[in-house]
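All remarks here apply to the structure that follows.
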6 protein chains.
Amino acid sequence: MDLIHQPGVAEQIERALAEDVGLGDVTTAATVRPDARGRARIIVKEEEIVFCGGPLIAPVLARCGAQARIRKLAGEGAVLRRGELAAEIEGLLAGLLIGERTALNFLQLMSGIATKTAQFVRAVAGTHARIVDTRKTHPGLRAVEKYAVRVGGGYNHRFGLDSGILIKDNHIAAAGSVSGAIKLARQAAPHTLKIEVECETVAQLEEAIAAAADVVLLDNMTLEDIRRACQLAAGRVQLEVSGNVTLATAGDIARTGVDLISVGELTHSVRAADLSMRIEAF
Amino acid sequence: MDLIHQPGVAEQIERALAEDVGLGDVTTAATVRPDARGRARIIVKEEEIVFCGGPLIAPVLARCGAQARIRKLAGEGAVLRRGELAAEIEGLLAGLLIGERTALNFLQLMSGIATKTAQFVRAVAGTHARIVDTRKTHPGLRAVEKYAVRVGGGYNHRFGLDSGILIKDNHIAAAGSVSGAIKLARQAAPHTLKIEVECETVAQLEEAIAAAADVVLLDNMTLEDIRRACQLAAGRVQLEVSGNVTLATAGDIARTGVDLISVGELTHSVRAADLSMRIEAF
Amino acid sequence: MDLIHQPGVAEQIERALAEDVGLGDVTTAATVRPDARGRARIIVKEEEIVFCGGPLIAPVLARCGAQARIRKLAGEGAVLRRGELAAEIEGLLAGLLIGERTALNFLQLMSGIATKTAQFVRAVAGTHARIVDTRKTHPGLRAVEKYAVRVGGGYNHRFGLDSGILIKDNHIAAAGSVSGAIKLARQAAPHTLKIEVECETVAQLEEAIAAAADVVLLDNMTLEDIRRACQLAAGRVQLEVSGNVTLATAGDIARTGVDLISVGELTHSVRAADLSMRIEAF
Amino acid sequence: MDLIHQPGVAEQIERALAEDVGLGDVTTAATVRPDARGRARIIVKEEEIVFCGGPLIAPVLARCGAQARIRKLAGEGAVLRRGELAAEIEGLLAGLLIGERTALNFLQLMSGIATKTAQFVRAVAGTHARIVDTRKTHPGLRAVEKYAVRVGGGYNHRFGLDSGILIKDNHIAAAGSVSGAIKLARQAAPHTLKIEVECETVAQLEEAIAAAADVVLLDNMTLEDIRRACQLAAGRVQLEVSGNVTLATAGDIARTGVDLISVGELTHSVRAADLSMRIEAF
Amino acid sequence: MDLIHQPGVAEQIERALAEDVGLGDVTTAATVRPDARGRARIIVKEEEIVFCGGPLIAPVLARCGAQARIRKLAGEGAVLRRGELAAEIEGLLAGLLIGERTALNFLQLMSGIATKTAQFVRAVAGTHARIVDTRKTHPGLRAVEKYAVRVGGGYNHRFGLDSGILIKDNHIAAAGSVSGAIKLARQAAPHTLKIEVECETVAQLEEAIAAAADVVLLDNMTLEDIRRACQLAAGRVQLEVSGNVTLATAGDIARTGVDLISVGELTHSVRAADLSMRIEAF
Amino acid sequence: MDLIHQPGVAEQIERALAEDVGLGDVTTAATVRPDARGRARIIVKEEEIVFCGGPLIAPVLARCGAQARIRKLAGEGAVLRRGELAAEIEGLLAGLLIGERTALNFLQLMSGIATKTAQFVRAVAGTHARIVDTRKTHPGLRAVEKYAVRVGGGYNHRFGLDSGILIKDNHIAAAGSVSGAIKLARQAAPHTLKIEVECETVAQLEEAIAAAADVVLLDNMTLEDIRRACQLAAGRVQLEVSGNVTLATAGDIARTGVDLISVGELTHSVRAADLSMRIEAF
C-alpha cells in the first residue's frame with residue numbers, strides 16, 4: 001500500500017490545505033489569471049538530503065485545482081545534493097502557487113526525518129543494530145513520519161499503544177514485579193505481540209529473561225552496562241537501547257552488540273530539509 | 001478565547017489519541033487495575049525552557065478516562081529550569097499512562113517552539129523589531145504552533161493564504177510589475193488586509209513605496225542592503241526581513257531598524273523541549 | 001482556486017446530499033429504471049438574475065451517480081433573463097432527479113446573493129464606493145456566500161474573526177479609549193491585518209485618525225454625519241458605512257465619498273433566485 | 001428530543017464557529033483581558049418577531065469559552081416586540097464577543113423563518129389548511145430550518161427524499177402513467193410512507209384517486225382549478241397546493257378547502273429577524 | 001441511486017479500512033513487491049447464497065491502491081451455488097491482499113442478509129404478505145443492511161425514527177389512548193407519513209381502525225389472534241405482524257392474510273455468507 | 001481505558017443515532033410531553049446471556065437528551081438469566097424512547113458476541129487453548145466487537161493488518177518459500193510483532209519452526225493432522241487452529257494441545273442476545 005492510499009493520509013492533506021488556504025488565496029486570486037500555466041521545480045538547497053514525500057505532491061496540487069502533471073520526481077529515499085531537482089511539475093499557475101507551501105511543508109518534514117534517520121543508520125553501519133523510531137511524533141502526523149523513517153533506512157517501533165507491548169516501570173510497579181508484569185501481559189494481550197520490558201538493573205534483566213520476555217529495553221544505561229547486558233542476555237532476548245542517543249554515541253552503542261537503538265529525535269526534533277519550489281509562468 | 005476552545009483543537013487531540021491509542025493500550029490493560037490511582041509530575045529535564053501547552057493536559061487526560069485533577073500547572077510562558085515542576089496531576093493510573101505520551105508530544109512541541117521563539121526575541125531585545133513566524137508549520141498543527149509562538153513572545157504573520165496579502169515574485173511576474181500587482185491586490189482583496197510585497201532590489205522597493213504598499217518583504221538581502229532599504233523607506237512602509245535568519249544574525253538584522261523579522265525555523269525545525277512525566281501509584 | 005477546490009466546499013455538497021437523500025430517494029427508486037437517461041435544463045423563471053454557482057452542478061450530480069455531462073453552462077456572473085437557459089445537462093435520469101433539489105438549492109441561494117449584490121453595485125455606480133459583505137452569513141455556508149458576493153461584483157469584508165481587525169464599542173470600552181484599543185491591536189495582532197475601528201462620534205473619528213487607524217467604520221450615521229466624516233477624514237483613513245443600508249439609500253451614501261458600504265442583507269436576507277430544472281427522459 | 005440533541009446540530013455549531021473564528025478573534029485577543037466578565041442582552045429591533053433558536057445560545061457560547069450563564073431566555077415561539085429582551089447572558093466578556101455573531105446568525109435565520117411561518121399561519125386562520133415547508137432549505141441547515149417552521153406554527157413536509165414519496169411529472173413519465181407510478185411506488189417503497197402525486201389536470205387527479213393515492217399535489221393551479229379539485233376529491237384524498245404561494249394569496253387558497261399549502265419561501269427566501277446583542281462589561 | 005453513491009457509504013468504506021489497515025499491512029509490505037500483479041476470485045463456499053454487495057468491491061480495492069479491474073461480477077441478488085464465481089478481479093497483488101478482508105466483511109454480511117431474506121420471502125410465497133425489516137440493524141450499517149434486504153426480495157420498514165410513525169405502548173400511555181395518540185400524531189407529524197399503531201388487543205385494533213390508523217402492528221400474537229384481527233380489519237387497515245417470526249412460522253402467519261411480516265433476525269442475527277477470496281499472482 | 005473512552009467509540013454512538021434518529025423521532029415528538037419522566041428496565045428474554053455493553057447506555061441516552069440516571073447496571077460479563085434485570089434507568093421519557101433502539105442494538109450485538117464467546121470458552125475448559133477472534137468483524141464495529149470477545153472470556157487476535165504479522169499462502173508464494181517470507185517479515189516489520197505463518201503441510205511447519213516463526217496457523221486441518229503438528233512442534237512454536245471451528249468440534253481440537261483456536265463466527269455470525277427495554281412513565 002503506497003503512501004497516498006494509507007488510511008488517513010488523504011484526510012491529512014485536506015486538513016493541511018484547509019488551514020493554509022481557508023477561504024482562498026487572496027493574493028493569487030487578485031494577480032494571476034485562472035488559465036495561466038506554469039512550471040514548478042523543487043530544488044535542494046542544502047548539502048545533501050534523503051528525499052521523501054514525493055507521492056504527496058500530486059494529490060496536494062490536485063486538491064488546489066492545479067491540473068498538474070508530474071514531469072520528474074525523485075524516488076523515495078533518493079540522495080539528492082545541493083541544486084539537484086527533486087521534482088518538476090507543470091500545471092495551472094494559480095494552483096501551483098496555492099499548493100506550494102503545503103506541499104513543501106510535507107516534503108521538508110518528511111525529507112528531514114528521512115535524512116536524519118539515514119545519518120543514524122550510517123552511524124551504526126557494520127553492526128547488526130537497527131535504528132528504530134519512537135511514539136514521539138508530531139500529533140496527527142504519525143503515519144507520514146513513521147513512513148519517512150522507513151524511507152530513511154530505519155525501522156518502526158510499535159505504531160501505537162495497541163500494536164506492541166512495552167512494560168515500563170509503572171506497569172512493573174502495578175504488577176508487583178518484572179515477572180509478574182510479563183505474566184499478566186502474556187495472559188491478556190493478543191498473542192501476535194511480542195513482550196518488551198524496560199529494565200533498569202541487571203537483576204531485572206535476568207528476571208525478564210527468566211520470564212521469557214521477547215525484548216528488553218535498556219533505558220539510559222552507560223555503555224559499560226549495555227555491554228554487560230549483552231553478555232548476560234547472550235541472544236536469549238532482543239536488546240533495545242534508548243535514551244538520548246545521539247549521532248556521536250550511536251556507533252559505540254551499536255558496537256556493544258545490541259539489536260535495536262531507538263531514537264526519539266528522528267521525529268521529535270526534526271530540522272526541515274531545505275527545499276524550495278521555483279515556479280515560473282510559461 | 002483560550003487554546004482549548006479554539007476551533008479544531010479538540011479535534012486535534014482526538015486525532016492524536018486515535019493514532020496513539022487505537023484499539024487500546026494493551027500493556028496497561030494487562031497490568032494496571034482500572035481503579036488504581038496515581039500522581040503524575042511533569043518535570044523539566046533541560047537547562048531552561050519556556051513552558052507552553054499546559055491547557056491541553058486536562059482534555060487529553062479526560063479523553064483517556066483518567067478522571068484527572070490538575071493539582072499544579074505552570075503558567076503559559078513560564079520560564080522553567082532543570083528539575084522544576086511543570087504540572088502535577090492526580091487521577092486514575094491507567095488513564096495517566098495512556099495519555100502520557102500524547103500529552104508530552106503536545107507539550108514538547110509547543111514548549112520547544114515557545115523556547116526557541118523566546119531566544120530570538122531576546123536576541124533582538126532593545127530594538128523595535130518583532131520576531132514573526134511563517135506558514136512553515138507542521139501540516140495540521142498550525143493553530144497550536146502559532147499559539148506557541150505568541151506564548152514565546154513572538155508575533156504571528158498571516159495565519160494562511162486567506163488572511164494576508166503577500167505578493168511574491170510570481171505574482172509580480174503575472175501582474176507585469178510590482179506596482180501592477182499592488183494595484184490588482186488593492187482592487188480585489190478584502191480591504192481589511194494590508195498589502196505586503198516581496199522586493200529583491202532597491203528599484204522594486206521604491207516602486208512598492210510609490211504604489212503605497214503597506215509592508216515590504218526583503219528576502220535574503222545582505223545586512224548592508226537591509227540598512228539601505230531602511231534608509232530609503234524612512235518609515236513610509238513597514239519592512240520585514242526573511243531568509244535563513246539565525247540566532248547569530250537576528251540581532252544585527254534587528255539593529256538595522258527593520259520592523260519585522262520572520263523566522264521559519266521557529267516552527268519548521270523545532271527541537272522538542274525535554275520534559276518527562278513521572279508517574280507513581282498512590 | 002476555483003470554487004470546487006476551495007477547502008470545505010466538497011464537504012458542503014456531501015452534507016447537503018446527506019440531509020436530502022439520506023437512505024435513498026424512494027420515489028425515484030420505485031419508478032425510474034437505473035439505466036434510463038435524460039436531459040435537464042436549468043431555466044430562469046424571473047425577470048433577470050446574475051447567475052452563480054454553476055461549478056457546483058457537476059460535483060452534485062456526480063455524487064448522485066448521474067454520470068452527467070454538462071452540455072451548456074452560463075458563466076459565473078452572467079446576466080440571464082426570464083426563460084433563458086442557465087445550464088443543460090445530460091445523464092442518468094435517476095441521478096438527475098436525485099440531485100435536482102440540492103443543485104437548485106445551491107444555485108438559487110448563490111444566484112440570489114449575486115443578483116442582490118449586483119443591484120447594490122449598480123446603485124453606487126459612478127462613485128468609488130465598494131459594496132462589501134459582512135459576517136452575517138448562513139452558518140456553514142460562508143465560503144459559497146462570500147464567493148457569490150464577488151461574482152455579483154461586490155467585495156468581501158474580512159472572512160472571519162481571524163482575518164481582520166474590527167474594533168467595536170466593547171473593545172474600545174475594554175481598552176479604555178479608541179486610541180488605547182488601536183494601540184493594543186497594533187501591538188498584538190498580525191501585521192498583515194489593517195486596523196478598522198467603529199466610531200460613533202466625530203471626536204472618536206479624530207482620535208482614530210490620530211492613532212493611525214487604517215479604516216473607520218461609521219455605524220448607523222445620518223447622511224449629514226457621513227459627509228462631515230468624509231471631510232474630516234480627508235483621505236487619511238478609509239471610511240466604511242454600515243447599518244441598514246438599502247437599495248434606496250446606497251446611492252446617496254456612496255455619493256458622500258465614503259470608500260466602503262457594507263450590506264448585511266446581501267447574505268442574511270436573500271431572496272432565492274427563481275430557477276427551475278426541467279428534466280426530460282430521452 | 002430537543003434541538004441541541006438532534007443529530008448533527010452540535011456539529012453544525014462547530015462548523016459555524018470554525019468558519020467564523022478560525023485561528024482566533026485577533027481583535028478581542030488584543031483588547032479584552034481574559035478574565036473580564038460581561039453581560040449580553042439580545043434585543044428585538046423590529047416591530048414583532050416569533051423568537052426561535054434560543055437553545056443554541058448556550059452551546060455556541062460554551063464552545064467559545066464564555067463560561068456563560070443564561071439568565072433569561074424567551075421561550076421558543078414567543079412573540080416579541082421591538083425593544084423586548086430575547087435573552088440575557090452573563091459570562092466571560094471575550095467569549096461573549098467571540099460567539100456573538102455566530103449565535104445571532106442562527107437566531108436571526110431561525111426567528112426569521114418562524115416569523116414568516118407564523119404570518120402564513122395567520123393568513124390561513126379559520127381554515128383547516130396547514131402551512132407546510134418544502135425541501136428548499138439552505139444546504140446543510142435543514143434540521144434547524146424545519147425546526148423553525150414548527151416553532152412558527154407550520155408543519156413539516158417530508159424531511160428528505162427518503163422520508164416521503166412524491167411522484168412528480170418525470171416519475172409519471174418514466175412509469176407511463178399516474179396510476180402506473182402509484183402502483184410502482186406502492187410496490188417498492190416502505191409501507192410507512194404515504195403516496196403523494198403531483199397532478200396537473202383533473203383527469204390526472206381522478207386517476208390518482210382511483211389508484212388510491214394518499215395525497216395529491218396541485219402545482220401552480222388557479223384558484224378556480226383548486227376549487228374544482230376539492231369538489232372532485234371530496235375528501236377521498238388529501239390535497240396540497242404549491243407554487244408561488246404568497247401571504248396575499250394564501251388565505252384565498254386555504255378557503256378553497258385544501259388540506260396543505262406548501263410554501264418555499266418559508267425557508268428559501270428568509271429575511272433575517274432583526275436582533276442585536278448588546279454587550280457590556282461588568 | 002446505486003449503492004456506492006448513497007450518502008455515507010463511501011465514508012463507511014473509509015472507516016472499515018481505517019480500522020483494518022491502520023498504519024499499514026506490515027506482512028504484505030514485507031513480502032510482496034509493489035508492482036506484482038495478481039488475480040482474485042471470490043468463490044461461494046456454501047450450498048447456496050443470494051449474492052449482495054458487489055458494487056462495493058471496486059471502491060474498497062481502489063482505496064487500497066489495487067488499481068483493480070473487475071473482470072466478472074455476479075449481479076446483485078444472483079443466486080450462486082457452492083464453487084460458483086461471484087467476482088473476478090485483476091490488479092496489484094498488494095492492494096488485493098490489503099483489501100481482501102474488508103471487501104469480504106461487507107460481502108459476507110450483505111449476502112448473509114440477502115440470503116436469509118430470500119428464505120423468508122420463499123416461505124411466504126403464494127401469499128400477499130411482504131417480508132419487511134426492522135430498525136434492529138448493526139450500528140452504523142443501516143444503509144447497507146436495508147439495501148441487502150431489498151436485494152433479497154424483502155421490503156424496508158421505516159429507515160429511522162424520522163421516516164415513519166410507529167405508535168407503541170409507551171406513546172399510547174403517554175397520550176392516554178390509542179385514538180388519542182393517533183390524533184396527536186396526525187396533528188403533528190409530516191403528512192407524508194402513514195400512521196402505524198401497535199395493538200395488543202382486539203379492542204385496541206378496533207379503536208385504531210376507528211381512528212383511521214393506516215397500519216396496525218400486531219406484536220407477539222398467536223396465529224388465532226392474528227386471524228381474528230384480519231377478519232376484523234377486513235382491509236380497512238394494513239396489518240403487520242412482528243415478534244420472533246421464524247422460517248418455520250412465517251408461512252402460517254402469512255396465510256392468515258396479514259400484509260406485512262417484520263423480521264428482526266434479517267439484520268440482527270445474520271450468519272455471514274461463506275465466501276472466500278482466492279488470490280494468485282500472475 | 002474503559003470502553004467509552006476508547007478512540008472512536010463516541011463517534012460510533014453519534015453515527016448510530018444519526019442514522020436512527022435523523023431529523024427527529026416524529027412519533028415521540030407528537031405524543032410525549034417533553035418534561036414527562038420515566039423508568040426503563042432492560043430485561044433478559046432468553047435462557048442465559050453474558051451481558052456486555054452496559055457502559056454505552058449512559059452516553060447513548062445522554063445524546064438523546066434523556067438526562068438519564070443509571071440506577072442499576074449489571075457488570076460487564078455478568079451471566080444473566082431469563083427475566084433478570086440488566087439495567088434500570090430513570091430519565092426523561094422522550095429521551096428514553098428515542099435512545100431505546102440504538103442502545104439495544106449495541107447491547108444485543110455485544111452481549112451476543114460475549115455469550116457465544118463464553119460458550120466456546122466453556123467448550124475448551126480444562127485445556128490450555130485460548131479462544132481468539134478474527135478480523136471478520138462488522139465494518140466499522142471492530143472496537144466494540146473485540147471488546148465483547150474479551151468480556152466473554154476470549155482473547156483478541158491482531159486488531160488489524162498493522163498490529164500483527166500473519167504470513168499466508170500468497171505472501172509465501174510472493175516470497176518464494178515459508179522461510180523466505182519469515183526472513184523478509186523479520187527484516188522489515190516492527191520488532192514488537194511476532195511472526196505467525198499459515199502452514200498447510202508438515203513440511204511447511206518444519207520449515208517455519210526452523211526459521212524461528214513465533215506462531216504457526218494450521219488452517220482447516222483434520223484433528224489427526226493437528227495432533228501430529230502438536231507433537232512435531234513440541235512447544236517450539238505456538239500453534240493456532242482455524243477454519244470452521246464449531247462448538248461441537250472446539251473441545252476436541254483444544255484437547256490436541258494447540259495453543260490458540262480462532263473462531264470467525266464469534267463476530268461474523270452473531271445471534272443478537274434477546275434483551276428488551278421496558279419503559280414506563282412515572
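Naming works like this for the C-alpha cells: A, B, ... for the chains as they're shown, residue 1 at the start of each chain, ligands 1 onward in shown order.
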
message: Which residues are close to Pro7 (chain B), i.e. within 10 Å by only C-alpha atoms, leaving aside same-chain residues fewer than 5 positions away? Reply as a ChimeraX atom specification.
response: /B:1,12,143 /D:14-24,63-64

- prompt: Within 8 Å of chain F, which residues of chain A show up when using only C-alpha atoms, listed as a count of residues only?
  reply: 18

message: Could you go through region 85-256 of chain C and tell me which residues DSSP, when run on the backbone, assigns to strand (DSSP E), listing them as a PyMOL selection string?
response: chain C and resi 85-92+130-132+165-167+195-199+215-219+238-242

message: Which residues are close to Leu85 (chain A), i.e. within 8 Å by only C-alpha atoms, leaving aside same-chain residues fewer than 2 positions away? Reply as a ChimeraX atom specification.
response: /A:41-44,74,80,83,87-88

Now that the selection is made, can you save its residues with N, CA and C atoms as an mmCIF file, in the first residue's frame?
data_model
loop_
_atom_site.group_PDB
_atom_site.id
_atom_site.type_symbol
_atom_site.label_atom_id
_atom_site.label_comp_id
_atom_site.auth_asym_id
_atom_site.auth_seq_id
_atom_site.Cartn_x
_atom_site.Cartn_y
_atom_site.Cartn_z
ATOM 1 N N ARG A 41 9.662 23.752 -10.090
ATOM 2 C CA ARG A 41 10.780 22.841 -9.849
ATOM 3 C C ARG A 41 11.100 22.882 -8.363
ATOM 4 N N ILE A 42 11.150 21.699 -7.806
ATOM 5 C CA ILE A 42 11.532 21.614 -6.398
ATOM 6 C C ILE A 42 13.020 21.286 -6.354
ATOM 7 N N ILE A 43 13.765 22.169 -5.706
ATOM 8 C CA ILE A 43 15.226 22.121 -5.746
ATOM 9 C C ILE A 43 15.788 21.960 -4.335
ATOM 10 N N VAL A 44 16.854 21.204 -4.250
ATOM 11 C CA VAL A 44 17.529 21.027 -2.956
ATOM 12 C C VAL A 44 18.438 22.222 -2.684
ATOM 13 N N ALA A 74 11.951 12.590 -8.074
ATOM 14 C CA ALA A 74 12.988 11.743 -7.479
ATOM 15 C C ALA A 74 12.326 10.607 -6.718
ATOM 16 N N LEU A 80 19.865 13.345 -2.643
ATOM 17 C CA LEU A 80 19.966 14.498 -3.545
ATOM 18 C C LEU A 80 20.923 15.529 -2.956
ATOM 19 N N GLY A 83 21.204 21.838 -5.234
ATOM 20 C CA GLY A 83 20.927 22.241 -6.598
ATOM 21 C C GLY A 83 20.217 21.181 -7.415
ATOM 22 N N ALA A 87 11.765 17.463 -8.038
ATOM 23 C CA ALA A 87 10.530 17.251 -8.797
ATOM 24 C C ALA A 87 10.329 18.393 -9.776
ATOM 25 N N GLU A 88 9.664 18.084 -10.870
ATOM 26 C CA GLU A 88 9.287 19.112 -11.818
ATOM 27 C C GLU A 88 7.837 18.877 -12.198
#

task: Give me, please, the distance in Å between CA of Tyr147 (chain E) and CA of Ala29 (chain C), quoted to one decimal.
output: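 Between CA of Tyr147 (chain E) and CA of Ala29 (chain C) the gap is 11.7 Å.
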
- request: Find the spatial neighbours of His268 (chain E), counting only C-alpha atoms, within a cut-off of 8 Å - ignore same-chain residues fewer than 3 positions away - and output them as a list in words.
  value: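 These residues fall inside the cut-off: Lys136, Thr137, His138, Gly264 and Glu265 of chain E; Asn105, Leu109, Val270, Arg271 and Ala272 of chain F.
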
Find the residues around region 127-129 of chain E up to 10 Å (only C-alpha atoms counted), leave out those fewer than 5 positions away in its own chain, and share them as an mmCIF file with N, CA, C and O atoms, in the first residue's frame.
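Okay, out-v6.cif is ready:
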data_model
loop_
_atom_site.group_PDB
_atom_site.id
_atom_site.type_symbol
_atom_site.label_atom_id
_atom_site.label_comp_id
_atom_site.auth_asym_id
_atom_site.auth_seq_id
_atom_site.Cartn_x
_atom_site.Cartn_y
_atom_site.Cartn_z
ATOM 1 N N VAL E 121 -38.760 -14.797 2.204
ATOM 2 C CA VAL E 121 -39.647 -14.462 1.084
ATOM 3 C C VAL E 121 -40.219 -15.738 0.470
ATOM 4 O O VAL E 121 -41.411 -15.828 0.154
ATOM 5 N N LEU E 239 -52.178 -4.649 8.044
ATOM 6 C CA LEU E 239 -51.785 -5.353 9.264
ATOM 7 C C LEU E 239 -50.351 -5.855 9.149
ATOM 8 O O LEU E 239 -49.981 -6.486 8.155
ATOM 9 N N GLU E 240 -49.580 -5.548 10.175
ATOM 10 C CA GLU E 240 -48.200 -6.031 10.248
ATOM 11 C C GLU E 240 -48.062 -6.937 11.455
ATOM 12 O O GLU E 240 -48.526 -6.607 12.537
ATOM 13 N N VAL E 241 -47.405 -8.058 11.240
ATOM 14 C CA VAL E 241 -47.133 -8.965 12.351
ATOM 15 C C VAL E 241 -45.656 -8.915 12.677
ATOM 16 O O VAL E 241 -44.817 -8.906 11.767
ATOM 17 N N ALA E 250 -43.259 -18.394 9.538
ATOM 18 C CA ALA E 250 -43.594 -17.287 8.638
ATOM 19 C C ALA E 250 -44.710 -17.648 7.660
ATOM 20 O O ALA E 250 -45.620 -16.840 7.402
ATOM 21 N N GLY E 251 -44.663 -18.854 7.129
ATOM 22 C CA GLY E 251 -45.674 -19.252 6.148
ATOM 23 C C GLY E 251 -47.065 -19.238 6.743
ATOM 24 O O GLY E 251 -48.004 -18.677 6.165
ATOM 25 N N ASP E 252 -47.201 -19.843 7.898
ATOM 26 C CA ASP E 252 -48.518 -19.879 8.544
ATOM 27 C C ASP E 252 -49.027 -18.476 8.842
ATOM 28 O O ASP E 252 -50.209 -18.171 8.667
ATOM 29 N N ILE E 253 -48.115 -17.652 9.307
ATOM 30 C CA ILE E 253 -48.515 -16.271 9.597
ATOM 31 C C ILE E 253 -48.997 -15.598 8.324
ATOM 32 O O ILE E 253 -50.032 -14.930 8.305
ATOM 33 N N ALA E 254 -48.247 -15.794 7.275
ATOM 34 C CA ALA E 254 -48.601 -15.138 6.020
ATOM 35 C C ALA E 254 -49.972 -15.589 5.530
ATOM 36 O O ALA E 254 -50.747 -14.800 4.989
ATOM 37 N N ARG E 255 -50.257 -16.846 5.722
ATOM 38 C CA ARG E 255 -51.521 -17.363 5.225
ATOM 39 C C ARG E 255 -52.745 -16.894 6.022
ATOM 40 O O ARG E 255 -53.876 -17.127 5.625
ATOM 41 N N THR E 256 -52.498 -16.212 7.126
ATOM 42 C CA THR E 256 -53.645 -15.609 7.827
ATOM 43 C C THR E 256 -54.192 -14.435 7.033
ATOM 44 O O THR E 256 -55.296 -13.970 7.295
ATOM 45 N N GLY E 257 -53.389 -13.940 6.097
ATOM 46 C CA GLY E 257 -53.850 -12.820 5.301
ATOM 47 C C GLY E 257 -53.251 -11.473 5.685
ATOM 48 O O GLY E 257 -53.618 -10.443 5.129
ATOM 49 N N VAL E 258 -52.289 -11.485 6.617
ATOM 50 C CA VAL E 258 -51.673 -10.202 7.006
ATOM 51 C C VAL E 258 -50.894 -9.629 5.827
ATOM 52 O O VAL E 258 -50.532 -10.339 4.884
ATOM 53 N N ASP E 259 -50.640 -8.339 5.917
ATOM 54 C CA ASP E 259 -49.986 -7.638 4.810
ATOM 55 C C ASP E 259 -48.469 -7.620 4.942
ATOM 56 O O ASP E 259 -47.750 -7.632 3.944
ATOM 57 N N LEU E 260 -48.017 -7.565 6.177
ATOM 58 C CA LEU E 260 -46.588 -7.342 6.415
ATOM 59 C C LEU E 260 -46.117 -8.217 7.551
ATOM 60 O O LEU E 260 -46.798 -8.334 8.574
ATOM 61 N N ILE E 261 -44.965 -8.807 7.375
ATOM 62 C CA ILE E 261 -44.354 -9.586 8.458
ATOM 63 C C ILE E 261 -42.954 -9.038 8.657
ATOM 64 O O ILE E 261 -42.111 -9.113 7.753
#

message: Let's see if you can do this: from backbone DSSP, list all helix (DSSP H, G or I) residues in region 149-194 of chain B, as a list of chain:residue names.
response: B:Val149, B:Arg150, B:Val151, B:Asp169, B:Asn170, B:His171, B:Ile172, B:Ala173, B:Ala174, B:Ala175, B:Val178, B:Ser179, B:Gly180, B:Ala181, B:Ile182, B:Lys183, B:Leu184, B:Ala185, B:Arg186, B:Gln187, B:Ala188
